[in-house]
>>> print(open('start-v3.cif').read())   # mmCIF, C-alpha atoms
data_target
loop_
_atom_site.group_PDB
_atom_site.id
_atom_site.type_symbol
_atom_site.label_atom_id
_atom_site.label_comp_id
_atom_site.auth_asym_id
_atom_site.auth_seq_id
_atom_site.Cartn_x
_atom_site.Cartn_y
_atom_site.Cartn_z
ATOM 1 C CA MET A 207 98.943 99.709 95.931
ATOM 2 C CA LYS A 208 102.246 101.542 96.284
ATOM 3 C CA SER A 209 103.919 104.025 94.004
ATOM 4 C CA MET A 210 107.622 103.674 93.226
ATOM 5 C CA THR A 211 108.339 107.363 93.816
ATOM 6 C CA GLY A 212 108.640 108.794 97.304
ATOM 7 C CA TYR A 213 110.720 110.605 99.923
ATOM 8 C CA GLY A 214 111.301 110.083 103.633
ATOM 9 C CA ARG A 215 113.466 111.645 106.350
ATOM 10 C CA GLY A 216 114.485 110.427 109.813
ATOM 11 C CA THR A 217 116.797 111.601 112.615
ATOM 12 C CA ALA A 218 118.366 110.202 115.781
ATOM 13 C CA SER A 219 120.950 111.460 118.273
ATOM 14 C CA GLY A 220 123.177 110.083 121.032
ATOM 15 C CA GLU A 221 126.724 108.850 121.639
ATOM 16 C CA GLY A 222 127.997 112.341 120.821
ATOM 17 C CA CYS A 223 126.583 112.382 117.302
ATOM 18 C CA GLU A 224 123.490 113.253 115.313
ATOM 19 C CA VAL A 225 122.241 111.080 112.457
ATOM 20 C CA LEU A 226 120.139 112.171 109.487
ATOM 21 C CA VAL A 227 118.795 109.619 106.984
ATOM 22 C CA GLU A 228 117.009 110.592 103.755
ATOM 23 C CA LEU A 229 115.389 108.188 101.281
ATOM 24 C CA SER A 230 114.189 108.972 97.780
ATOM 25 C CA SER A 231 113.218 106.776 94.856
ATOM 26 C CA VAL A 232 112.120 106.736 91.232
ATOM 27 C CA ASN A 233 110.627 103.934 89.162
ATOM 28 C CA ARG A 234 112.678 100.994 87.926
ATOM 29 C CA LYS A 235 111.758 97.455 86.858
ATOM 30 C CA SER A 236 113.893 95.908 89.621
ATOM 31 C CA LEU A 237 115.141 97.064 93.031
ATOM 32 C CA ASP A 238 118.360 99.072 93.031
ATOM 33 C CA VAL A 239 119.553 100.465 96.383
ATOM 34 C CA SER A 240 122.341 103.045 96.538
ATOM 35 C CA VAL A 241 123.674 104.062 99.983
ATOM 36 C CA SER A 242 125.833 107.114 100.713
ATOM 37 C CA LEU A 243 127.658 107.093 104.087
ATOM 38 C CA PRO A 244 130.583 109.007 105.631
ATOM 39 C CA LYS A 245 133.719 107.058 104.711
ATOM 40 C CA GLU A 246 134.554 106.287 108.346
ATOM 41 C CA TRP A 247 131.180 104.538 108.698
ATOM 42 C CA ALA A 248 131.172 102.710 105.361
ATOM 43 C CA THR A 249 130.883 99.396 107.238
ATOM 44 C CA LEU A 250 127.232 100.246 108.005
ATOM 45 C CA GLU A 251 126.255 100.075 104.325
ATOM 46 C CA ARG A 252 125.334 96.403 104.468
ATOM 47 C CA SER A 253 122.947 96.851 107.412
ATOM 48 C CA VAL A 254 121.235 99.828 105.763
ATOM 49 C CA THR A 255 120.930 98.071 102.401
ATOM 50 C CA GLU A 256 119.478 94.901 103.925
ATOM 51 C CA ARG A 257 116.843 96.865 105.841
ATOM 52 C CA VAL A 258 115.765 98.792 102.742
ATOM 53 C CA ARG A 259 115.645 95.635 100.622
ATOM 54 C CA GLY A 260 113.492 94.015 103.267
ATOM 55 C CA ALA A 261 110.885 96.773 102.944
ATOM 56 C CA LEU A 262 110.811 97.336 99.165
ATOM 57 C CA SER A 263 110.672 95.244 96.016
ATOM 58 C CA ARG A 264 111.049 97.680 93.090
ATOM 59 C CA GLY A 265 112.469 101.107 92.333
ATOM 60 C CA ALA A 266 115.781 102.949 92.197
ATOM 61 C CA VAL A 267 116.256 103.926 95.853
ATOM 62 C CA ARG A 268 118.890 106.357 97.109
ATOM 63 C CA VAL A 269 119.730 106.427 100.834
ATOM 64 C CA ASN A 270 121.798 109.320 102.135
ATOM 65 C CA VAL A 271 123.166 108.993 105.683
ATOM 66 C CA ALA A 272 124.810 111.973 107.423
ATOM 67 C CA ILE A 273 126.528 111.437 110.800
ATOM 68 C CA ASP A 274 127.531 114.637 112.576
ATOM 69 C CA ASP A 275 129.950 114.448 115.508
ATOM 70 C CA THR A 276 128.343 116.802 118.047
ATOM 71 C CA SER A 277 131.296 116.450 120.406
ATOM 72 C CA LYS A 278 133.089 118.892 118.094
ATOM 73 C CA ALA A 279 130.445 121.536 118.543
ATOM 74 C CA GLY A 280 130.438 124.293 121.163
ATOM 75 C CA ASP A 281 133.375 124.452 123.551
ATOM 76 C CA LEU A 282 136.586 122.811 122.518
ATOM 77 C CA ALA A 283 136.299 119.288 123.973
ATOM 78 C CA VAL A 284 139.754 117.913 124.713
ATOM 79 C CA ASP A 285 141.026 114.746 126.373
ATOM 80 C CA ASP A 286 143.652 116.509 128.526
ATOM 81 C CA ALA A 287 145.351 113.306 129.657
ATOM 82 C CA LEU A 288 145.707 112.031 126.110
ATOM 83 C CA VAL A 289 147.043 115.394 124.893
ATOM 84 C CA HIS A 290 149.662 115.518 127.704
ATOM 85 C CA ARG A 291 150.769 111.933 127.062
ATOM 86 C CA THR A 292 151.107 112.674 123.368
ATOM 87 C CA LEU A 293 153.131 115.856 123.952
ATOM 88 C CA ASP A 294 155.376 114.039 126.434
ATOM 89 C CA LYS A 295 155.994 111.319 123.883
ATOM 90 C CA LEU A 296 156.827 113.911 121.221
ATOM 91 C CA GLY A 297 159.309 115.477 123.682
ATOM 92 C CA GLU A 298 161.011 112.128 124.276
ATOM 93 C CA ILE A 299 161.360 111.533 120.545
ATOM 94 C CA ALA A 300 162.731 115.033 120.010
ATOM 95 C CA ARG A 301 165.345 114.685 122.805
ATOM 96 C CA ALA A 302 166.387 111.261 121.527
ATOM 97 C CA ARG A 303 167.151 112.869 118.167
ATOM 98 C CA GLY A 304 168.904 115.886 119.616
ATOM 99 C CA PHE A 305 166.137 118.456 118.950
ATOM 100 C CA ARG A 306 165.467 121.376 121.302
ATOM 101 C CA THR A 307 162.262 120.862 123.323
ATOM 102 C CA GLN A 308 162.364 123.784 125.744
ATOM 103 C CA GLN A 309 159.362 125.414 124.063
ATOM 104 C CA MET A 310 156.423 123.797 122.252
ATOM 105 C CA ASP A 311 154.777 126.155 119.743
ATOM 106 C CA TYR A 312 150.984 126.628 119.496
ATOM 107 C CA GLU A 313 150.803 125.060 116.056
ATOM 108 C CA THR A 314 152.228 121.771 117.314
ATOM 109 C CA ILE A 315 149.884 121.749 120.316
ATOM 110 C CA LEU A 316 146.854 122.464 118.082
ATOM 111 C CA ARG A 317 147.764 119.625 115.777
ATOM 112 C CA VAL A 318 148.022 117.243 118.710
ATOM 113 C CA VAL A 319 144.636 118.397 120.061
ATOM 114 C CA LEU A 320 142.931 117.895 116.694
ATOM 115 C CA MET A 321 144.600 114.513 116.258
ATOM 116 C CA THR A 322 143.389 113.267 119.644
ATOM 117 C CA ARG A 323 139.844 114.520 118.929
ATOM 118 C CA GLU A 324 139.748 112.577 115.663
ATOM 119 C CA GLU A 325 141.065 109.514 117.495
ATOM 120 C CA ASN A 326 138.283 109.790 120.052
ATOM 121 C CA ALA A 327 135.714 110.167 117.287
ATOM 122 C CA VAL A 328 136.861 106.923 115.688
ATOM 123 C CA LYS A 329 136.592 105.183 119.058
ATOM 124 C CA LYS A 330 132.830 105.851 119.257
ATOM 125 C CA ASP A 331 130.852 102.705 119.963
ATOM 126 C CA ALA A 332 130.211 101.311 116.470
ATOM 127 C CA ALA A 333 127.210 99.255 117.622
ATOM 128 C CA ALA A 334 125.625 102.312 119.242
ATOM 129 C CA VAL A 335 126.121 104.417 116.114
ATOM 130 C CA GLU A 336 124.682 101.639 113.970
ATOM 131 C CA GLY A 337 121.658 101.593 116.257
ATOM 132 C CA LEU A 338 121.182 105.340 115.786
ATOM 133 C CA VAL A 339 121.471 104.982 112.016
ATOM 134 C CA LEU A 340 118.887 102.181 111.934
ATOM 135 C CA THR A 341 116.555 104.169 114.203
ATOM 136 C CA ALA A 342 116.731 107.161 111.856
ATOM 137 C CA LEU A 343 116.329 104.793 108.897
ATOM 138 C CA GLU A 344 113.114 103.365 110.360
ATOM 139 C CA GLN A 345 111.676 106.880 110.674
ATOM 140 C CA ALA A 346 112.688 107.675 107.108
ATOM 141 C CA LEU A 347 111.211 104.414 105.830
ATOM 142 C CA ALA A 348 107.911 105.055 107.626
ATOM 143 C CA ALA A 349 107.575 108.511 106.037
ATOM 144 C CA PHE A 350 108.792 107.154 102.710
ATOM 145 C CA LEU A 351 106.259 104.304 102.643
ATOM 146 C CA ALA A 352 103.462 106.637 103.729
ATOM 147 C CA MET A 353 104.171 108.906 100.759
ATOM 148 C CA ARG A 354 104.357 105.943 98.390
ATOM 149 C CA GLY A 355 101.053 104.670 99.734
ATOM 150 C CA LYS A 356 99.360 108.028 99.275
ATOM 151 C CA GLU A 357 100.599 108.350 95.709
ATOM 152 C CA GLY A 358 99.648 104.724 95.096
ATOM 153 C CA ALA A 359 96.056 105.389 96.204
ATOM 154 C CA ALA A 360 95.773 108.255 93.711
ATOM 155 C CA THR A 361 97.247 106.059 90.983
ATOM 156 C CA GLU A 362 94.820 103.255 91.842
ATOM 157 C CA LYS A 363 91.827 105.572 91.476
ATOM 158 C CA ASP A 364 93.038 106.815 88.101
ATOM 159 C CA MET A 365 93.773 103.301 86.827
ATOM 160 C CA LEU A 366 90.351 101.955 87.790
ATOM 161 C CA GLU A 367 88.655 104.863 86.035
ATOM 162 C CA ARG A 368 90.693 104.216 82.888
ATOM 163 C CA ASN A 369 89.879 100.521 83.080
ATOM 164 C CA GLU A 370 86.175 101.354 83.101
ATOM 165 C CA ARG A 371 86.623 103.583 80.053
ATOM 166 C CA LEU A 372 88.357 100.731 78.262
ATOM 167 C CA LEU A 373 85.474 98.398 79.101
ATOM 168 C CA ASP A 374 83.054 100.971 77.661
ATOM 169 C CA LEU A 375 85.124 101.088 74.472
ATOM 170 C CA VAL A 376 85.115 97.279 74.265
ATOM 171 C CA TYR A 377 81.333 97.318 74.531
ATOM 172 C CA ALA A 378 81.104 99.942 71.788
ATOM 173 C CA ILE A 379 83.478 97.966 69.544
ATOM 174 C CA ARG A 380 81.404 94.806 69.977
ATOM 175 C CA LYS A 381 78.220 96.687 69.175
ATOM 176 C CA ASN A 382 79.638 98.291 66.025
ATOM 177 C CA ALA A 383 81.368 95.109 64.854
ATOM 178 C CA ASP A 384 78.105 93.116 64.848
ATOM 179 C CA GLY A 385 76.961 94.738 61.608
ATOM 180 C CA THR A 386 80.277 94.492 59.739
ATOM 181 C CA VAL A 387 79.470 91.363 57.678
ATOM 182 C CA ALA A 388 75.945 92.570 56.818
ATOM 183 C CA ALA A 389 77.329 95.956 55.719
ATOM 184 C CA TYR A 390 79.952 94.228 53.552
ATOM 185 C CA ARG A 391 77.277 91.992 51.981
ATOM 186 C CA ASP A 392 75.099 94.971 51.066
ATOM 187 C CA THR A 393 78.093 96.897 49.666
ATOM 188 C CA LEU A 394 79.214 93.873 47.614
ATOM 189 C CA LEU A 395 75.742 93.303 46.171
ATOM 190 C CA ALA A 396 75.416 96.991 45.284
ATOM 191 C CA ARG A 397 78.755 96.937 43.429
ATOM 192 C CA LEU A 398 77.809 93.777 41.524
ATOM 193 C CA ARG A 399 74.555 95.342 40.426
ATOM 194 C CA GLN A 400 76.426 98.433 39.225
ATOM 195 C CA LEU A 401 78.476 96.095 37.055
ATOM 196 C CA GLY A 402 75.305 94.521 35.690
ATOM 197 C CA LEU A 403 75.702 91.280 37.634
ATOM 198 C CA GLU A 404 72.612 90.069 39.441
ATOM 199 C CA LEU A 405 73.301 87.590 42.238
ATOM 200 C CA ASP A 406 70.860 86.457 44.898
ATOM 201 C CA LEU A 407 71.800 85.702 48.469
ATOM 202 C CA SER A 408 71.806 81.968 47.846
ATOM 203 C CA ASP A 409 74.491 82.150 45.172
ATOM 204 C CA GLU A 410 77.393 79.873 46.162
ATOM 205 C CA ARG A 411 80.044 82.346 45.088
ATOM 206 C CA LEU A 412 78.502 85.096 47.166
ATOM 207 C CA LEU A 413 78.151 82.820 50.169
ATOM 208 C CA LYS A 414 81.819 81.759 49.938
ATOM 209 C CA GLU A 415 82.982 85.385 49.725
ATOM 210 C CA LEU A 416 80.858 86.377 52.708
ATOM 211 C CA ALA A 417 82.083 83.379 54.712
ATOM 212 C CA PHE A 418 85.709 84.245 53.910
ATOM 213 C CA PHE A 419 85.152 87.878 54.883
ATOM 214 C CA ALA A 420 83.371 86.916 58.109
ATOM 215 C CA ASP A 421 86.238 84.618 59.109
ATOM 216 C CA ARG A 422 88.896 87.209 58.265
ATOM 217 C CA THR A 423 87.186 89.956 60.262
ATOM 218 C CA ASP A 424 85.938 87.849 63.180
ATOM 219 C CA ILE A 425 87.125 89.421 66.458
ATOM 220 C CA SER A 426 85.051 87.373 68.885
ATOM 221 C CA GLU A 427 88.065 85.568 70.378
ATOM 222 C CA GLU A 428 90.010 88.811 70.802
ATOM 223 C CA MET A 429 87.024 90.457 72.463
ATOM 224 C CA THR A 430 86.605 87.559 74.906
ATOM 225 C CA ARG A 431 90.290 87.655 75.883
ATOM 226 C CA LEU A 432 90.218 91.442 76.107
ATOM 227 C CA GLU A 433 87.283 91.440 78.507
ATOM 228 C CA SER A 434 89.040 88.783 80.607
ATOM 229 C CA HIS A 435 92.291 90.807 80.736
ATOM 230 C CA LEU A 436 90.452 93.959 81.763
ATOM 231 C CA GLU A 437 88.587 92.097 84.506
ATOM 232 C CA GLN A 438 91.862 90.609 85.793
ATOM 233 C CA PHE A 439 93.427 94.063 85.725
ATOM 234 C CA LYS A 440 90.626 95.453 87.895
ATOM 235 C CA THR A 441 90.734 92.484 90.281
ATOM 236 C CA THR A 442 94.505 92.806 90.699
ATOM 237 C CA VAL A 443 94.336 96.529 91.442
ATOM 238 C CA VAL A 444 91.541 96.134 93.984
ATOM 239 C CA ALA A 445 93.205 93.142 95.684
ATOM 240 C CA ALA A 446 96.381 95.178 96.248
ATOM 241 C CA ARG A 447 94.442 97.369 98.713
ATOM 242 C CA SER A 448 94.136 94.602 101.301
ATOM 243 C CA ASP A 449 97.129 92.313 100.799
ATOM 244 C CA GLY A 450 99.668 95.078 100.083
ATOM 245 C CA GLU A 451 101.513 92.896 97.579
ATOM 246 C CA SER A 452 103.626 94.323 94.776
ATOM 247 C CA VAL A 453 101.507 94.061 91.627
ATOM 248 C CA GLY A 454 103.471 96.206 89.177
ATOM 249 C CA ARG A 455 104.921 93.312 87.167
ATOM 250 C CA LYS A 456 101.556 91.572 86.826
ATOM 251 C CA LEU A 457 99.875 94.789 85.729
ATOM 252 C CA GLU A 458 102.638 95.387 83.182
ATOM 253 C CA PHE A 459 101.986 91.934 81.713
ATOM 254 C CA LEU A 460 98.226 92.500 81.574
ATOM 255 C CA ILE A 461 98.528 95.921 79.939
ATOM 256 C CA GLN A 462 100.861 94.389 77.351
ATOM 257 C CA GLU A 463 98.259 91.706 76.548
ATOM 258 C CA ILE A 464 95.442 94.275 76.446
ATOM 259 C CA ASN A 465 97.403 96.338 73.949
ATOM 260 C CA ARG A 466 98.099 93.229 71.866
ATOM 261 C CA GLU A 467 94.385 92.390 71.598
ATOM 262 C CA PHE A 468 93.474 95.926 70.547
ATOM 263 C CA ASN A 469 96.197 95.806 67.875
ATOM 264 C CA THR A 470 94.769 92.565 66.492
ATOM 265 C CA ILE A 471 91.232 93.945 66.495
ATOM 266 C CA GLY A 472 92.450 97.056 64.677
ATOM 267 C CA SER A 473 94.186 94.983 61.996
ATOM 268 C CA LYS A 474 91.056 92.854 61.453
ATOM 269 C CA ALA A 475 88.571 95.692 61.527
ATOM 270 C CA ASN A 476 86.921 96.487 58.213
ATOM 271 C CA ASN A 477 84.714 99.026 59.848
ATOM 272 C CA LEU A 478 85.483 102.725 60.186
ATOM 273 C CA ALA A 479 83.610 103.072 63.476
ATOM 274 C CA VAL A 480 85.513 100.145 64.981
ATOM 275 C CA THR A 481 88.844 101.556 63.761
ATOM 276 C CA ARG A 482 88.143 104.872 65.454
ATOM 277 C CA LEU A 483 87.174 103.141 68.697
ATOM 278 C CA VAL A 484 90.365 101.058 68.611
ATOM 279 C CA LEU A 485 92.464 104.215 68.213
ATOM 280 C CA ASP A 486 90.711 105.751 71.239
ATOM 281 C CA ALA A 487 91.340 102.571 73.192
ATOM 282 C CA LYS A 488 95.037 102.463 72.292
ATOM 283 C CA ASN A 489 95.453 106.053 73.501
ATOM 284 C CA GLU A 490 93.821 105.080 76.793
ATOM 285 C CA VAL A 491 96.004 101.971 77.079
ATOM 286 C CA GLU A 492 99.130 104.084 76.607
ATOM 287 C CA ARG A 493 98.090 106.375 79.459
ATOM 288 C CA GLN A 494 97.377 103.305 81.565
ATOM 289 C CA ARG A 495 100.821 101.908 80.738
ATOM 290 C CA GLU A 496 102.470 105.120 82.009
ATOM 291 C CA GLN A 497 100.670 104.737 85.333
ATOM 292 C CA VAL A 498 101.532 101.033 85.614
ATOM 293 C CA GLN A 499 105.228 101.767 85.135
ATOM 294 C CA ASN A 500 105.194 103.687 88.436
ATOM 295 C CA VAL A 501 103.546 100.920 90.493
ATOM 296 C CA GLU A 502 105.702 98.800 92.782
#
>>> encode(input="start-v3.cif", output="structure tokens")
Amino acid sequence: MKSMTGYGRGTASGEGCEVLVELSSVNRKSLDVSVSLPKEWATLERSVTERVRGALSRGAVRVNVAIDDTSKAGDLAVDDALVHRTLDKLGEIARARGFRTQQMDYETILRVVLMTREENAVKKDAAAVEGLVLTALEQALAAFLAMRGKEGAATEKDMLERNERLLDLVYAIRKNADGTVAAYRDTLLARLRQLGLELDLSDERLLKELAFFADRTDISEEMTRLESHLEQFKTTVVAARSDGESVGRKLEFLIQEINREFNTIGSKANNLAVTRLVLDAKNEVERQREQVQNVE
């Protein structure tokens, strides 16, 4: 089982640049990938997005890619030949227009140097830079998935414990519900006697009332479905350990059905003990739902 929240970081260097990739995510019903790249390398967005989509299925994922041109660091790296050719060309243009070219000021030379450096940066091998980005991305993804797996294992443990508590509550509800009709019969007979009406247990009117009450408060079908849903929930969580499949959507469906059955039982219950147990169960289901919403 994998959580939908996580963080990962990866780096790579070469081709006169250093690459840093950071991934982070929060929960979301579908997969939403947002990639931030330097504008001059925006063409790499598709490759990055496809790789992330190939590894994940749910969550709002943000990928931040920083590409630092290390050729600009340290000593001033200049393509002398390119600078001289550029200055010569500027001189030709100036003479053709009648400008004085006897002396070239430092500001003009600096601008030419910076311009040629930027031009060289753009000429970096795009395929090589893409390779560095994907290498750093793989590192980030590995760390990212490891964190998601660790959080997922903790979530799995908590969910299985809550599932067991829900099964205990189902058992307690079944046990307390068994005496509901008998308790209603005794209460009804006691009230009739207080009113001076003596009816025995074979009286047709009493039998009809008890049959109607028993049908109205019968929760046997809901209990059977509830036990089945809880067993499926447990099986799905445990199976995710080995196959690594995304189970979040299935668990969301099951927790919705579990909550529905408890609601129906609560509306049918004519038993204070059962009502209290249903309220406890609904609180537990809500906590379980919060955990499920963070499962991929």
>>> residues_around(input="start-v3.cif", residues="Glu502 (chain A)", least_positions_apart="3", cutoff="7 Å", atoms="only C-alpha atoms", output="MDAnalysis selection string")
chainID A and resid 208:210 263:264 452:454
>>> resolve_selection(input="start-v3.cif", expression="the PyMOL selection byres ((chain A and resi 462-466) around 7)", output="list in words")
Leu432, His435, Glu458, Phe459, Leu460, Ile461, Glu467, Phe468, Asn469, Thr470, Lys488 and Val491 of chain A
>>> atom_distance(input="start-v3.cif", atom1="CA of Thr255 (chain A)", atom2="CA of Lys356 (chain A)")
24.0 Å
>>> residues_around(input="start-v3.cif", residues="Val254 (chain A)", least_positions_apart="6", cutoff="9 Å", atoms="all atoms listed in the file", output="PyMOL selection string")
chain A and resi 241+269+339-340+343
>>> resolve_selection(input="start-v3.cif", expression="the PyMOL selection byres ((chain A and resi 358) around 12)", output="PDB file with C-alpha atoms, keeping the file's coordinate frame")
ATOM      1  CA  MET A 207      98.943  99.709  95.931  1.00  0.00           C
ATOM      2  CA  LYS A 208     102.246 101.542  96.284  1.00  0.00           C
ATOM      3  CA  SER A 209     103.919 104.025  94.004  1.00  0.00           C
ATOM      4  CA  MET A 210     107.622 103.674  93.226  1.00  0.00           C
ATOM      5  CA  THR A 211     108.339 107.363  93.816  1.00  0.00           C
ATOM      6  CA  GLY A 212     108.640 108.794  97.304  1.00  0.00           C
ATOM      7  CA  LEU A 351     106.259 104.304 102.643  1.00  0.00           C
ATOM      8  CA  ALA A 352     103.462 106.637 103.729  1.00  0.00           C
ATOM      9  CA  MET A 353     104.171 108.906 100.759  1.00  0.00           C
ATOM     10  CA  ARG A 354     104.357 105.943  98.390  1.00  0.00           C
ATOM     11  CA  GLY A 355     101.053 104.670  99.734  1.00  0.00           C
ATOM     12  CA  LYS A 356      99.360 108.028  99.275  1.00  0.00           C
ATOM     13  CA  GLU A 357     100.599 108.350  95.709  1.00  0.00           C
ATOM     14  CA  ALA A 359      96.056 105.389  96.204  1.00  0.00           C
ATOM     15  CA  ALA A 360      95.773 108.255  93.711  1.00  0.00           C
ATOM     16  CA  THR A 361      97.247 106.059  90.983  1.00  0.00           C
ATOM     17  CA  GLU A 362      94.820 103.255  91.842  1.00  0.00           C
ATOM     18  CA  LYS A 363      91.827 105.572  91.476  1.00  0.00           C
ATOM     19  CA  ASP A 364      93.038 106.815  88.101  1.00  0.00           C
ATOM     20  CA  MET A 365      93.773 103.301  86.827  1.00  0.00           C
ATOM     21  CA  VAL A 443      94.336  96.529  91.442  1.00  0.00           C
ATOM     22  CA  VAL A 444      91.541  96.134  93.984  1.00  0.00           C
ATOM     23  CA  ALA A 446      96.381  95.178  96.248  1.00  0.00           C
ATOM     24  CA  ARG A 447      94.442  97.369  98.713  1.00  0.00           C
ATOM     25  CA  GLY A 450      99.668  95.078 100.083  1.00  0.00           C
ATOM     26  CA  SER A 452     103.626  94.323  94.776  1.00  0.00           C
ATOM     27  CA  VAL A 453     101.507  94.061  91.627  1.00  0.00           C
ATOM     28  CA  GLY A 454     103.471  96.206  89.177  1.00  0.00           C
ATOM     29  CA  GLN A 497     100.670 104.737  85.333  1.00  0.00           C
ATOM     30  CA  VAL A 498     101.532 101.033  85.614  1.00  0.00           C
ATOM     31  CA  GLN A 499     105.228 101.767  85.135  1.00  0.00           C
ATOM     32  CA  ASN A 500     105.194 103.687  88.436  1.00  0.00           C
ATOM     33  CA  VAL A 501     103.546 100.920  90.493  1.00  0.00           C
ATOM     34  CA  GLU A 502     105.702  98.800  92.782  1.00  0.00           C
TER      35      GLU A 502
END
>>> residues_around(input="start-v3.cif", residues="Ala333 (chain A)", least_positions_apart="5", cutoff="12 Å", atoms="all atoms listed in the file", output="short mmCIF file (atom, residue, chain, number, x, y, z; two decimals) with C-alpha atoms, keeping the file's coordinate frame")
data_model
loop_
_atom_site.label_atom_id
_atom_site.label_comp_id
_atom_site.auth_asym_id
_atom_site.auth_seq_id
_atom_site.Cartn_x
_atom_site.Cartn_y
_atom_site.Cartn_z
CA GLU A 221 126.72 108.85 121.64
CA TRP A 247 131.18 104.54 108.70
CA THR A 249 130.88 99.40 107.24
CA LEU A 250 127.23 100.25 108.00
CA SER A 253 122.95 96.85 107.41
CA LEU A 338 121.18 105.34 115.79
CA VAL A 339 121.47 104.98 112.02
CA LEU A 340 118.89 102.18 111.93
#
>>> axis_aligned_box(input="start-v3.cif", around="region 263-267 of chain A", padding_each_side="4 Å", output="AutoDock Vina command-line options")
--center_x 113.5 --center_y 99.6 --center_z 94.1 --size_x 13.6 --size_y 16.7 --size_z 11.8
>>> atom_distance(input="start-v3.cif", atom1="CA of Gly222 (chain A)", atom2="CA of Gly337 (chain A)")
13.3 Å
>>> atom_distance(input="start-v3.cif", atom1="CA of Ser426 (chain A)", atom2="CA of Asn476 (chain A)")
14.2 Å
>>> resolve_selection(input="start-v3.cif", expression="the PyMOL selection byres ((chain A and resi 370) around 12)", output="MDAnalysis selection string")
chainID A and resid 363:369 371:377 433 436:437 439:440 487 490:491 494
>>> write_last_selection(input="start-v3.cif", atoms="C-alpha atoms", output="PDB file, in the frame of the given file")
ATOM      1  CA  LYS A 363      91.827 105.572  91.476  1.00  0.00           C
ATOM      2  CA  ASP A 364      93.038 106.815  88.101  1.00  0.00           C
ATOM      3  CA  MET A 365      93.773 103.301  86.827  1.00  0.00           C
ATOM      4  CA  LEU A 366      90.351 101.955  87.790  1.00  0.00           C
ATOM      5  CA  GLU A 367      88.655 104.863  86.035  1.00  0.00           C
ATOM      6  CA  ARG A 368      90.693 104.216  82.888  1.00  0.00           C
ATOM      7  CA  ASN A 369      89.879 100.521  83.080  1.00  0.00           C
ATOM      8  CA  ARG A 371      86.623 103.583  80.053  1.00  0.00           C
ATOM      9  CA  LEU A 372      88.357 100.731  78.262  1.00  0.00           C
ATOM     10  CA  LEU A 373      85.474  98.398  79.101  1.00  0.00           C
ATOM     11  CA  ASP A 374      83.054 100.971  77.661  1.00  0.00           C
ATOM     12  CA  LEU A 375      85.124 101.088  74.472  1.00  0.00           C
ATOM     13  CA  VAL A 376      85.115  97.279  74.265  1.00  0.00           C
ATOM     14  CA  TYR A 377      81.333  97.318  74.531  1.00  0.00           C
ATOM     15  CA  GLU A 433      87.283  91.440  78.507  1.00  0.00           C
ATOM     16  CA  LEU A 436      90.452  93.959  81.763  1.00  0.00           C
ATOM     17  CA  GLU A 437      88.587  92.097  84.506  1.00  0.00           C
ATOM     18  CA  PHE A 439      93.427  94.063  85.725  1.00  0.00           C
ATOM     19  CA  LYS A 440      90.626  95.453  87.895  1.00  0.00           C
ATOM     20  CA  ALA A 487      91.340 102.571  73.192  1.00  0.00           C
ATOM     21  CA  GLU A 490      93.821 105.080  76.793  1.00  0.00           C
ATOM     22  CA  VAL A 491      96.004 101.971  77.079  1.00  0.00           C
ATOM     23  CA  GLN A 494      97.377 103.305  81.565  1.00  0.00           C
TER      24      GLN A 494
END
>>> closest_residue(input="start-v3.cif", among="A:Asp274, A:Glu451, A:Asp331, A:Asp424", to="Leu262 (chain A)", atoms="all atoms listed in the file")
A:Glu451
>>> closest_residue(input="start-v3.cif", among="A:Ser219, A:Ser231, A:Asn489, A:Thr481", to="Leu347 (chain A)", atoms="all atoms listed in the file")
A:Ser231
>>> closest_residue(input="start-v3.cif", among="A:Thr341, A:Asn270, A:Ser230, A:Thr217", to="Leu243 (chain A)", atoms="all atoms listed in the file")
A:Asn270
>>> closest_residue(input="start-v3.cif", among="A:Val480, A:Ile273, A:Ala475, A:Val232", to="Asn382 (chain A)", atoms="only C-alpha atoms")
A:Val480
